[in-house]
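Below is one structure; the comments refer to it alone.
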Amino acid sequence: DHRDAIKAAMATKQQDQQHSLSTECKDPNCADSNHSHSHHSHSHDHAHTSSPSTTDHDDTKCDDLQCTDPSHSHSHTHSHHHNDDDEKENECNDPTCNDPSHTHSHSHDHQQHAGIGTFVYQSRKPFHPHRLLSFLRKLPVVRGLPEEKVDEVHVDTSNESNRDDDVLEISKESQSTLKSILRSKGFLWCADSNIKALYWSHAGPSFDMQCIGRWWTTLPRSQWPEEAVSTILSDFDDPDHQEGDDAHSKSVGDRRQEIVFIGPDIANRMKQVAISESLDKCLLTDEEWDTFRSNINDENELCKVFPNPIDARMVSY
């Protein structure tokens, strides 16, 4: 189910990118950031032909617009050619044009902006559990999270000594975006463990964190299902990753954040940025990452340094 959602979201993203290249908006007053804009001038097919006449000089009529020689006749016919079959293709798209000799049509095709969209957040660093909890409280969730403490609600940040780095501070615009999310789900990596693979499931007012077992990279490859090896490796940041020297390894195997967000207008680039920037603040800082890696093989110490206030429900198969 999760893989299907990831593939669908990625496919939609690619289609949107291709669509934006092929359907540029020609409205000079449009400020919609969801698509590209390019206002091209249009050209008219002008054919200058001689007017029909019954005189002997039909073949010698002058078509030169600049000519003033009175010794011969002049005839200038100005016409626009719009074949019926190609009328739509030749319609003028210039919104400022008022030439009555041809048809006008302004077609403004936006990408989806009023419907339901999807966005996938991905990272290869673990979340700080307390900052993640602060993020989750900004979703429209009322069930599945621990009771909110007073010091999580009222934080005096004016005094540096009272600053709580575990509380996530984001803009009102970002908070509004998070409140509009209807559904989110995916794989989750928290800093309280280097072994546990977690699953994030949010629907409407409910949130559930599940422990679905171990990350595949923590198991010997001989224990992997033979038919699933290629699928498992597709989730690795490096297919040659080897466990054992994790403190110095630059790769992390299949450990990851891979969360799909679903909601109104989530295809909007600004909303995607708001979600990404908010979650990026939940990731371990460089200093915290160094602390994590120095205790990477000690699960008890990781739990002490990065305690997780969210209960993860164990899933059995």
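So you can find residues: chains in the structure tokens are A, B, ... in the order shown, residues in each start at 1, and ligands are numbered from 1 in order.
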
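Residues surrounding Val260 (chain A) within 6 Å are Phe119, Val120, Ser184 and Lys185 of chain A [only C-alpha atoms; sequence separation below 4 positions excluded].
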
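Within region 171-223 of chain A, residues classed as helix (DSSP H, G or I) by DSSP on backbone coordinates are Lys172, Glu173, Ser174, Gln175, Ser176, Thr177, Leu178, Lys179, Trp216, Thr217, Thr218, Arg221, Ser222 and Gln223 of chain A.
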
key: Within 8 Å of Lys138 (chain A) using only C-alpha atoms, minus same-chain residues under 2 positions, as an MDAnalysis selection string   = chainID A and resid 134:136 140:141 175 178:179

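When CA of Trp189 (chain A) is paired with CA of Lys271 (chain A), their separation reads 23.1 Å.
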
key: Point-to-point distance in Å for CA of Lys250 (chain A) and CA of Ala312 (chain A)   = 27.7 Å

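Here CA of Arg256 (chain A) stands at a distance of 12.3 Å from CA of Ser234 (chain A).
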
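Of the residues under consideration (A:Glu288, A:Asp235, A:Glu277, A:Glu173), A:Asp235 shows the shortest atom-to-atom contact distance to Trp215 (chain A) when counting only C-alpha atoms.
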
message = For a quick check of understanding, using only C-alpha atoms, which of A:Val273, A:Leu283, A:Ala203, A:Ile259 has the smallest distance to Leu133 (chain A)?
response = A:Leu283
